[in-house]
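This is query-v5.csv. It holds CSV, C-alpha atoms and all ligand atoms.
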```csv
chain,number,residue,atom,x,y,z
A,1369,MET,CA,60.8,93.7,81.9
A,1370,LYS,CA,57.1,94.2,82.0
A,1371,GLY,CA,55.2,97.5,82.3
A,1372,GLN,CA,52.4,99.7,81.0
A,1373,ILE,CA,52.6,102.5,78.4
A,1374,ARG,CA,51.5,105.6,80.2
A,1375,LYS,CA,52.3,108.3,77.6
A,1376,ALA,CA,53.1,108.4,73.9
A,1377,LEU,CA,54.8,111.5,72.5
A,1378,SER,CA,57.0,112.2,69.4
A,1379,GLY,CA,57.7,108.6,68.7
A,1380,PHE,CA,58.6,107.8,72.3
A,1381,TYR,CA,56.6,105.5,74.6
A,1382,TYR,CA,56.9,106.1,78.3
A,1383,VAL,CA,56.6,102.8,80.2
A,1384,GLN,CA,55.8,102.6,83.9
A,1385,SER,CA,57.3,99.6,85.6
A,1386,GLU,CA,57.4,99.3,89.4
A,1387,GLU,CA,57.2,103.0,90.1
A,1388,VAL,CA,59.8,103.9,87.5
A,1389,LEU,CA,59.1,105.6,84.1
A,1390,TYR,CA,61.2,104.4,81.2
A,1391,GLN,CA,61.5,106.2,77.9
A,1392,THR,CA,61.4,103.6,75.1
A,1393,ARG,CA,61.0,103.4,71.4
A,1394,ALA,CA,59.2,100.8,69.2
A,1395,ARG,CA,61.4,98.6,67.1
A,1396,GLY,CA,60.9,98.4,63.4
A,1397,ASN,CA,59.3,95.0,63.7
A,1398,PHE,CA,56.1,96.7,65.1
A,1399,ARG,CA,55.9,98.9,62.0
A,1400,ASN,CA,56.4,95.8,59.8
A,1401,ARG,CA,53.6,94.0,61.5
A,1402,LYS,CA,51.5,97.2,61.4
A,1403,ILE,CA,51.0,97.3,65.1
A,1404,THR,CA,50.9,100.7,66.8
A,1405,PRO,CA,51.6,100.6,70.5
A,1406,LEU,CA,48.9,102.4,72.4
A,1407,VAL,CA,48.8,104.2,75.8
A,1408,GLY,CA,47.4,101.6,78.2
A,1409,ASP,CA,49.2,98.7,76.6
A,1410,GLU,CA,50.8,96.2,78.8
A,1411,VAL,CA,54.2,95.6,77.3
A,1412,VAL,CA,57.5,93.6,77.5
A,1413,PHE,CA,60.5,95.9,77.1
A,1414,GLU,CA,64.2,96.1,77.5
A,1415,SER,CA,66.2,99.0,78.8
A,1416,THR,CA,69.8,99.9,79.4
A,1417,SER,CA,68.9,103.3,81.0
A,1418,LEU,CA,65.9,105.4,81.9
A,1419,THR,CA,66.0,107.0,78.4
A,1420,ASP,CA,67.2,104.1,76.3
A,1421,GLY,CA,64.8,101.3,75.9
A,1422,TYR,CA,62.9,99.2,73.3
A,1423,LEU,CA,59.5,97.8,73.3
A,1424,LEU,CA,59.7,94.1,72.5
A,1425,GLU,CA,56.2,92.8,72.7
A,1426,ILE,CA,52.6,94.1,73.3
A,1427,LEU,CA,50.6,91.8,75.4
A,1428,PRO,CA,47.0,91.0,74.2
A,1429,ARG,CA,44.6,93.9,74.5
A,1430,HIS,CA,41.3,93.7,76.2
A,1431,ASN,CA,39.9,96.5,74.1
A,1432,GLU,CA,40.9,99.7,72.4
A,1433,LEU,CA,39.5,103.1,71.6
A,1434,VAL,CA,40.3,105.3,68.7
A,1435,ARG,CA,39.5,108.6,70.3
A,1436,PRO,CA,41.4,108.9,72.5
A,1437,SER,CA,43.8,106.2,71.4
A,1438,VAL,CA,43.9,104.1,74.6
A,1439,ALA,CA,44.0,100.3,75.1
A,1440,ASN,CA,42.7,98.2,78.0
A,1441,VAL,CA,40.0,100.7,79.2
A,1442,ASP,CA,38.0,99.5,82.2
A,1443,GLN,CA,35.4,102.1,82.5
A,1444,GLY,CA,34.0,105.1,80.6
A,1445,VAL,CA,32.4,108.1,82.2
A,1446,ILE,CA,29.7,109.4,79.9
A,1447,VAL,CA,29.1,113.0,80.7
A,1448,ALA,CA,25.5,113.9,79.6
A,1449,SER,CA,24.2,117.4,80.3
A,1450,LEU,CA,20.5,118.1,81.0
A,1451,VAL,CA,20.6,121.5,79.2
A,1452,GLU,CA,22.8,123.3,76.7
A,1453,PRO,CA,22.9,120.9,75.0
A,1454,ASN,CA,19.7,119.3,76.0
A,1455,PHE,CA,19.6,115.8,77.3
A,1456,SER,CA,19.2,113.2,74.6
A,1457,TYR,CA,18.2,109.6,75.4
A,1458,ASN,CA,19.3,108.7,71.9
A,1459,LEU,CA,22.8,109.9,72.3
A,1460,LEU,CA,23.2,108.4,75.8
A,1461,ASP,CA,22.1,105.0,74.5
A,1462,ARG,CA,24.6,105.3,71.6
A,1463,PHE,CA,27.4,105.8,74.1
A,1464,LEU,CA,26.2,102.9,76.2
A,1465,VAL,CA,26.0,100.5,73.2
A,1466,THR,CA,29.5,101.4,72.1
A,1467,LEU,CA,30.9,100.9,75.6
A,1468,GLU,CA,29.0,97.7,76.2
A,1469,TYR,CA,30.3,96.4,72.8
A,1470,LYS,CA,33.9,97.1,73.9
A,1471,GLU,CA,33.4,95.6,77.3
A,1472,ILE,CA,34.0,98.9,79.0
A,1473,GLU,CA,31.9,99.5,82.1
A,1474,PRO,CA,29.8,102.7,81.6
A,1475,ILE,CA,29.3,105.3,84.3
A,1476,ILE,CA,26.6,107.9,83.6
A,1477,TYR,CA,27.4,111.4,84.9
A,1478,LEU,CA,24.6,113.9,84.5
A,1479,SER,CA,25.9,117.4,84.4
A,1480,LYS,CA,24.4,120.9,84.5
A,1481,THR,CA,21.5,119.6,86.7
A,1482,ASP,CA,21.6,122.9,88.6
A,1483,LEU,CA,20.7,124.8,85.4
A,1484,THR,CA,17.3,123.2,85.0
A,1485,ASP,CA,14.3,123.0,87.3
A,1486,GLU,CA,12.9,120.0,85.6
A,1487,THR,CA,13.6,117.7,88.5
A,1488,GLU,CA,11.1,115.3,87.2
A,1489,THR,CA,13.1,114.7,84.1
A,1490,LEU,CA,16.3,114.2,86.1
A,1491,GLN,CA,14.5,111.7,88.4
A,1492,GLU,CA,13.2,109.9,85.4
A,1493,ILE,CA,16.6,109.5,83.8
A,1494,VAL,CA,18.3,108.4,87.0
A,1495,GLU,CA,15.6,105.8,87.7
A,1496,LYS,CA,15.5,104.5,84.2
A,1497,TYR,CA,19.2,103.7,84.0
A,1498,GLN,CA,19.7,102.6,87.6
A,1499,LYS,CA,16.9,100.0,87.0
A,1500,ILE,CA,19.0,98.6,84.1
A,1501,GLY,CA,21.9,98.3,86.6
A,1502,TYR,CA,24.0,101.3,85.5
A,1503,THR,CA,25.8,103.6,87.9
A,1504,VAL,CA,24.3,107.0,87.6
A,1505,ILE,CA,25.7,110.1,89.2
A,1506,ALA,CA,23.7,113.3,89.2
A,1507,ALA,CA,25.8,116.4,89.8
A,1508,THR,CA,23.4,118.2,92.1
A,1509,GLU,CA,26.2,119.2,94.4
A,1510,ASP,CA,29.2,119.4,92.3
A,1511,GLU,CA,32.0,118.5,94.7
A,1512,LYS,CA,30.0,115.7,96.2
A,1513,ALA,CA,29.4,114.2,92.7
A,1514,VAL,CA,33.1,114.5,91.9
A,1515,ARG,CA,34.0,112.6,95.1
A,1516,GLU,CA,31.4,110.0,94.3
A,1517,LEU,CA,33.0,109.6,90.9
A,1518,GLU,CA,36.5,109.3,92.3
A,1519,ARG,CA,35.5,106.5,94.5
A,1520,LEU,CA,35.1,104.4,91.3
A,1521,PHE,CA,38.6,105.0,90.1
A,1522,PRO,CA,40.9,102.7,92.2
A,1523,GLU,CA,42.6,100.0,90.2
A,1524,ARG,CA,40.9,101.0,87.0
A,1525,LEU,CA,41.6,102.8,83.7
A,1526,THR,CA,39.0,105.5,83.2
A,1527,VAL,CA,38.2,107.5,80.0
A,1528,PHE,CA,35.8,110.4,79.8
A,1529,MET,CA,33.5,111.0,76.9
A,1530,GLY,CA,30.3,112.8,76.0
A,1531,GLN,CA,28.7,115.3,73.7
A,1532,SER,CA,30.5,118.5,72.9
A,1533,GLY,CA,29.7,121.1,75.5
A,1534,ALA,CA,28.4,118.6,78.0
A,1535,GLY,CA,31.1,119.6,80.4
A,1536,LYS,CA,33.5,116.7,80.1
A,1537,SER,CA,36.6,118.9,80.0
A,1538,THR,CA,35.4,121.0,82.9
A,1539,LEU,CA,34.9,117.9,84.9
A,1540,LEU,CA,38.2,116.4,83.9
A,1541,ASN,CA,40.0,119.6,84.8
A,1542,ARG,CA,38.4,119.5,88.2
A,1543,ILE,CA,39.6,115.9,88.8
A,1544,VAL,CA,43.0,116.5,87.4
A,1545,PRO,CA,44.0,120.1,88.4
A,1546,GLY,CA,46.4,121.8,86.1
A,1547,LEU,CA,45.2,120.2,82.9
A,1548,GLU,CA,44.8,122.6,80.1
A,1549,LEU,CA,41.8,121.2,78.2
A,1550,GLU,CA,40.3,124.3,76.8
A,1551,THR,CA,42.2,123.9,73.6
A,1552,ALA,CA,41.1,120.3,73.3
A,1553,GLU,CA,37.5,121.5,73.4
A,1554,ILE,CA,38.1,124.1,70.7
A,1555,SER,CA,40.0,121.8,68.4
A,1556,GLU,CA,37.1,119.3,68.8
A,1557,SER,CA,34.7,121.7,67.2
A,1558,LEU,CA,37.2,122.3,64.4
A,1559,GLY,CA,37.2,118.7,63.4
A,1560,ARG,CA,39.1,115.5,63.8
A,1561,GLY,CA,42.3,116.5,62.1
A,1562,LYS,CA,43.3,118.8,64.9
A,1563,HIS,CA,43.3,116.0,67.4
A,1564,THR,CA,46.1,114.0,65.8
A,1565,THR,CA,48.8,116.2,67.3
A,1566,ARG,CA,47.5,115.9,70.9
A,1567,HIS,CA,49.2,113.2,72.9
A,1568,VAL,CA,47.4,111.0,75.4
A,1569,GLU,CA,48.6,110.5,78.9
A,1570,LEU,CA,47.4,108.3,81.8
A,1571,ILE,CA,47.3,110.3,85.0
A,1572,PRO,CA,47.4,108.4,88.4
A,1573,ILE,CA,44.4,109.7,90.3
A,1574,ALA,CA,42.7,108.2,93.4
A,1575,GLU,CA,44.6,104.9,93.0
A,1576,GLY,CA,43.5,104.5,89.5
A,1577,LEU,CA,44.4,105.9,86.0
A,1578,VAL,CA,42.5,108.5,84.1
A,1579,ALA,CA,43.1,109.3,80.4
A,1580,ASP,CA,43.8,113.1,80.2
A,1581,THR,CA,42.1,113.5,76.8
A,1582,PRO,CA,38.4,113.3,76.6
A,1583,GLY,CA,36.9,110.8,74.2
A,1584,PHE,CA,34.7,110.8,71.1
A,1585,SER,CA,31.8,113.1,71.1
A,1586,SER,CA,29.7,111.6,68.3
A,1587,ILE,CA,29.3,108.0,67.5
A,1588,ASP,CA,28.4,105.7,64.7
A,1589,PHE,CA,28.1,102.0,64.7
A,1590,LEU,CA,30.4,101.0,61.9
A,1591,ASP,CA,31.9,98.1,63.9
A,1592,ILE,CA,28.7,96.4,65.1
A,1593,GLU,CA,26.9,93.7,63.3
A,1594,ALA,CA,23.1,93.7,63.5
A,1595,ARG,CA,22.9,90.5,65.4
A,1596,GLU,CA,25.3,91.9,68.0
A,1597,LEU,CA,23.1,94.8,68.8
A,1598,PRO,CA,20.5,93.2,71.2
A,1599,LYS,CA,23.4,91.9,73.3
A,1600,GLN,CA,24.5,95.5,74.1
A,1601,PHE,CA,21.2,96.2,76.0
A,1602,PRO,CA,21.5,94.4,79.4
A,1603,GLU,CA,17.8,94.5,80.1
A,1604,PHE,CA,17.1,92.9,76.7
A,1605,VAL,CA,19.6,90.2,77.4
A,1606,ALA,CA,17.9,89.5,80.8
A,1607,ALA,CA,14.5,89.2,79.1
A,1608,SER,CA,15.6,87.3,76.0
A,1609,SER,CA,15.8,83.9,77.7
A,1610,GLU,CA,11.9,84.0,77.7
A,1611,CYS,CA,11.7,84.9,74.0
A,1612,ARG,CA,10.4,82.0,71.9
A,1613,PHE,CA,13.4,82.2,69.5
A,1614,ARG,CA,16.9,81.9,70.7
A,1615,GLU,CA,18.3,84.4,68.2
A,1616,CYS,CA,15.3,86.8,68.6
A,1617,MET,CA,16.0,90.3,67.4
A,1618,HIS,CA,12.9,91.6,69.3
A,1619,VAL,CA,11.3,93.2,66.3
A,1620,ASN,CA,9.0,91.0,64.2
A,1621,GLU,CA,9.2,87.7,66.0
A,1622,PRO,CA,6.2,86.3,67.8
A,1623,GLN,CA,6.2,85.7,71.5
A,1624,CYS,CA,9.0,88.1,72.2
A,1625,GLU,CA,9.5,88.8,75.9
A,1626,VAL,CA,11.3,92.1,75.2
A,1627,LYS,CA,8.3,93.5,73.3
A,1628,LYS,CA,6.0,92.2,76.0
A,1629,GLN,CA,8.1,94.0,78.7
A,1630,VAL,CA,8.1,97.2,76.7
A,1631,LYS,CA,4.4,97.1,76.5
A,1632,ALA,CA,4.1,96.4,80.2
A,1633,GLY,CA,6.4,99.4,81.0
A,1634,GLU,CA,9.1,97.1,82.5
A,1635,ILE,CA,11.6,98.0,79.7
A,1636,ALA,CA,11.7,101.8,79.0
A,1637,ALA,CA,10.0,102.7,75.7
A,1638,THR,CA,12.9,105.1,74.9
A,1639,ARG,CA,15.4,102.3,75.1
A,1640,TYR,CA,13.4,100.1,72.7
A,1641,GLU,CA,12.7,103.0,70.2
A,1642,ASN,CA,16.5,103.8,70.2
A,1643,TYR,CA,17.3,100.1,69.7
A,1644,VAL,CA,15.0,99.9,66.7
A,1645,GLN,CA,16.5,103.0,65.2
A,1646,PHE,CA,20.1,101.8,65.7
A,1647,LEU,CA,19.2,98.5,64.1
A,1648,GLU,CA,17.8,100.3,61.1
A,1649,GLU,CA,21.0,102.4,60.9
A,1650,ILE,CA,23.2,99.3,61.0
A,1651,GLU,CA,21.0,97.5,58.4
A,1652,ASN,CA,21.0,100.5,56.0
A,1653,ARG,CA,24.7,101.4,56.1
A,1654,ARG,CA,26.9,100.8,53.1
A,1655,PRO,CA,28.8,97.6,53.3
A,1656,VAL,CA,32.1,98.2,55.0
A,1657,TYR,CA,35.2,96.6,53.4
A,1658,ARG,CA,37.6,96.2,56.2
A,1659,LYS,CA,41.3,95.5,55.8
A,1660,LYS,CA,42.3,92.1,57.1
A,1661,LYS,CA,44.2,92.4,60.4
B,1701,ZN,ZN,12.6,88.8,71.7
```
Hey, can you dump this file as structure tokens for me?
Ligand code: ZN
Amino acid sequence: MKGQIRKALSGFYYVQSEEVLYQTRARGNFRNRKITPLVGDEVVFESTSLTDGYLLEILPRHNELVRPSVANVDQGVIVASLVEPNFSYNLLDRFLVTLEYKEIEPIIYLSKTDLTDETETLQEIVEKYQKIGYTVIAATEDEKAVRELERLFPERLTVFMGQSGAGKSTLLNRIVPGLELETAEISESLGRGKHTTRHVELIPIAEGLVADTPGFSSIDFLDIEARELPKQFPEFVAASSECRFRECMHVNEPQCEVKKQVKAGEIAATRYENYVQFLEEIENRRPVYRKKK
């Protein structure tokens, strides 16, 4: 039988297959091959009853996140607040790069817009990112914004993420009533370790699936190679066909269309500055010795 893992808890994997939820376990062969089944995985399994089944095979993953541990994520809602904590272009661009790299479609959700009267800033952020092609939702009227967000859920697996205190748990609680996410927010501030005991579950909402655990709140670029970075900025990709060099990194090369468009104000200066900073971070990091898969 085929199905999708919707929940992982105490060594059991709960697989949804044609409206029925089966409790299964992973056979030893997964451990031997060092494969951990993840919530979101499409799997082949066998089952003699609703509570006695075994996972046989994990079908190829499109992507996977570490926090929360979910595979095959379609879209990520980046919750970015305008105040407390203050809006940061740098942080938003970090989230965007990470999602682009994992081929997860980003949705930018601007929260706490009612706590600031800097409407100019809000307008600037919205226009800047809509121009790139991103979906931006500004929570000016809360319920309206939530409904707008839910319209993007059908047929997709959605994960929420954002800076600590940006309001991702509050938003998730509103979308999935009955969730107790307060503790998750507290353990987040205490550090990573506390997270390991929390299980992840995919909740069916608005004809789609939403991960009930909010995602990472700070990001590094350990995974990304320098030459991959320009590809995670859609507006750079669009401009780069006009760059003189095919592998242009848009920094020191002559006749660079990206730099030209930054100068002309076509590409936002904040985006370019953050790009240059990220590139430096990647180039200056210690070499990472990764285990062979
Ligand atoms: Zn260039």
Practice item. Record the distance separating atom CA of A:Pro1545 and atom CA of A:Gly1530, expressed in Å with one decimal. Key: 19.9 Å
Review point. Restricting the calculation to only C-alpha atoms, which member of A:Asp1442, A:Asn1400, A:Asn1454, A:Lys1496 is positioned closest to A:Ala1637?
Key: A:Lys1496
Exercise for review: Please provide the set of residues having any atom within 7 Å of stretch 1590-1599 of chain A, restricted to all atoms listed in the file, with same-chain residues fewer than 6 positions apart removed, written as a list of chain:residue names.
Suggested key: A:Val1605, A:Met1617, A:Leu1647, A:Ile1650, A:Glu1651
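Distances here use all atoms listed in the file; by that measure, the residue among A:Ala1632, A:Leu1418, A:Leu1464, A:Val1494 closest to A:Phe1601 is A:Leu1464.
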Mind running chain A against ligand ZN 1701 (chain B) at 9 Å and telling me each contacting residue's nearest atom pair with the distance in Å (one decimal), counting all atoms listed in the file, chain and number ascending, as JSON lines?
```
{"residue": "A:Phe1604", "atom": "CA", "partner": "B:ZN1701", "partner_atom": "ZN", "distance": 7.9}
{"residue": "A:Ala1607", "atom": "CA", "partner": "B:ZN1701", "partner_atom": "ZN", "distance": 7.7}
{"residue": "A:Ser1608", "atom": "CA", "partner": "B:ZN1701", "partner_atom": "ZN", "distance": 5.5}
{"residue": "A:Ser1609", "atom": "CA", "partner": "B:ZN1701", "partner_atom": "ZN", "distance": 8.4}
{"residue": "A:Glu1610", "atom": "CA", "partner": "B:ZN1701", "partner_atom": "ZN", "distance": 7.7}
{"residue": "A:Cys1611", "atom": "CA", "partner": "B:ZN1701", "partner_atom": "ZN", "distance": 4.6}
{"residue": "A:Arg1612", "atom": "CA", "partner": "B:ZN1701", "partner_atom": "ZN", "distance": 7.1}
{"residue": "A:Phe1613", "atom": "CA", "partner": "B:ZN1701", "partner_atom": "ZN", "distance": 7.0}
{"residue": "A:Arg1614", "atom": "CA", "partner": "B:ZN1701", "partner_atom": "ZN", "distance": 8.2}
{"residue": "A:Glu1615", "atom": "CA", "partner": "B:ZN1701", "partner_atom": "ZN", "distance": 8.0}
{"residue": "A:Cys1616", "atom": "CA", "partner": "B:ZN1701", "partner_atom": "ZN", "distance": 4.6}
{"residue": "A:Met1617", "atom": "CA", "partner": "B:ZN1701", "partner_atom": "ZN", "distance": 5.7}
{"residue": "A:His1618", "atom": "CA", "partner": "B:ZN1701", "partner_atom": "ZN", "distance": 3.7}
{"residue": "A:Val1619", "atom": "CA", "partner": "B:ZN1701", "partner_atom": "ZN", "distance": 7.1}
{"residue": "A:Asn1620", "atom": "CA", "partner": "B:ZN1701", "partner_atom": "ZN", "distance": 8.6}
{"residue": "A:Glu1621", "atom": "CA", "partner": "B:ZN1701", "partner_atom": "ZN", "distance": 6.7}
{"residue": "A:Pro1622", "atom": "CA", "partner": "B:ZN1701", "partner_atom": "ZN", "distance": 7.9}
{"residue": "A:Gln1623", "atom": "CA", "partner": "B:ZN1701", "partner_atom": "ZN", "distance": 7.1}
{"residue": "A:Cys1624", "atom": "CA", "partner": "B:ZN1701", "partner_atom": "ZN", "distance": 3.7}
{"residue": "A:Glu1625", "atom": "CA", "partner": "B:ZN1701", "partner_atom": "ZN", "distance": 5.2}
{"residue": "A:Val1626", "atom": "CA", "partner": "B:ZN1701", "partner_atom": "ZN", "distance": 5.0}
{"residue": "A:Lys1627", "atom": "CA", "partner": "B:ZN1701", "partner_atom": "ZN", "distance": 6.6}
{"residue": "A:Lys1628", "atom": "CA", "partner": "B:ZN1701", "partner_atom": "ZN", "distance": 8.6}
```
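Separating atom CA of A:Asp1580 from atom CA of A:Gly1546 is a distance of 10.8 Å.
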Practice item. Dig up all the protein and nucleic acid residues within 8 Å of (60.5, 100.2, 68.0) in the file frame, using only C-alpha atoms, and format them as a ChimeraX atom specification. Key: /A:1392-1399,1422-1424
Extract, using all atoms listed in the file, all DNA, RNA and protein residues at most 7 Å from A:Val1407, discarding same-chain residues fewer than 5 positions from it, and format them as an mmCIF file with C-alpha atoms, in the frame of the given file.
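Final output, part-v7.cif:
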```
data_model
loop_
_atom_site.group_PDB
_atom_site.id
_atom_site.type_symbol
_atom_site.label_atom_id
_atom_site.label_comp_id
_atom_site.auth_asym_id
_atom_site.auth_seq_id
_atom_site.Cartn_x
_atom_site.Cartn_y
_atom_site.Cartn_z
ATOM 1 C CA ILE A 1373 52.600 102.500 78.400
ATOM 2 C CA ARG A 1374 51.500 105.600 80.200
ATOM 3 C CA LYS A 1375 52.300 108.300 77.600
ATOM 4 C CA ALA A 1376 53.100 108.400 73.900
ATOM 5 C CA SER A 1437 43.800 106.200 71.400
ATOM 6 C CA VAL A 1438 43.900 104.100 74.600
ATOM 7 C CA ALA A 1439 44.000 100.300 75.100
ATOM 8 C CA VAL A 1568 47.400 111.000 75.400
#
```
Exercise for review: May I have the residues at most 9 Å from (53.2, 107.5, 89.2) in the file's coordinates, counting all atoms listed in the file, as a PyMOL selection string?
Suggested key: chain A and resi 1384+1387-1389+1571-1572
Practice item. Can you work out the spacing between atom CA of A:Leu1459 and atom CA of A:Glu1641 in Å, to one decimal? Key: 12.4 Å
Check your understanding: Nearest to A:Phe1413 among A:Lys1370, A:Val1447, A:Arg1435, A:Gln1391, with distances taken over all atoms listed in the file: which residue is it?
Key -> A:Lys1370
Review point. Do you know which residues are at most 10 Å from stretch 1477-1490 of chain A counting all atoms listed in the file, after dropping those on the same chain fewer than 5 positions away, and could you put them as a ChimeraX atom specification?
Key: /A:1445-1455,1495-1496,1503-1510,1513-1514,1517,1528,1530,1534-1536,1539
Check your understanding: Out of A:Val1544, A:Ile1403, A:Glu1603, A:Phe1584, which residue has the shortest atom-to-atom distance to A:Tyr1502 when counting all atoms listed in the file?
Key -> A:Glu1603
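The smallest atom-to-atom distance between A:Tyr1390 and any of A:Asp1461, A:Glu1518, A:Glu1414, A:Glu1473, using only C-alpha atoms, is found for A:Glu1414.
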Review point. Using only C-alpha atoms, which of the listed residues (A:Leu1525, A:Leu1520, A:Val1644, A:Ile1500) sits closest to A:Asn1440?
Key: A:Leu1525
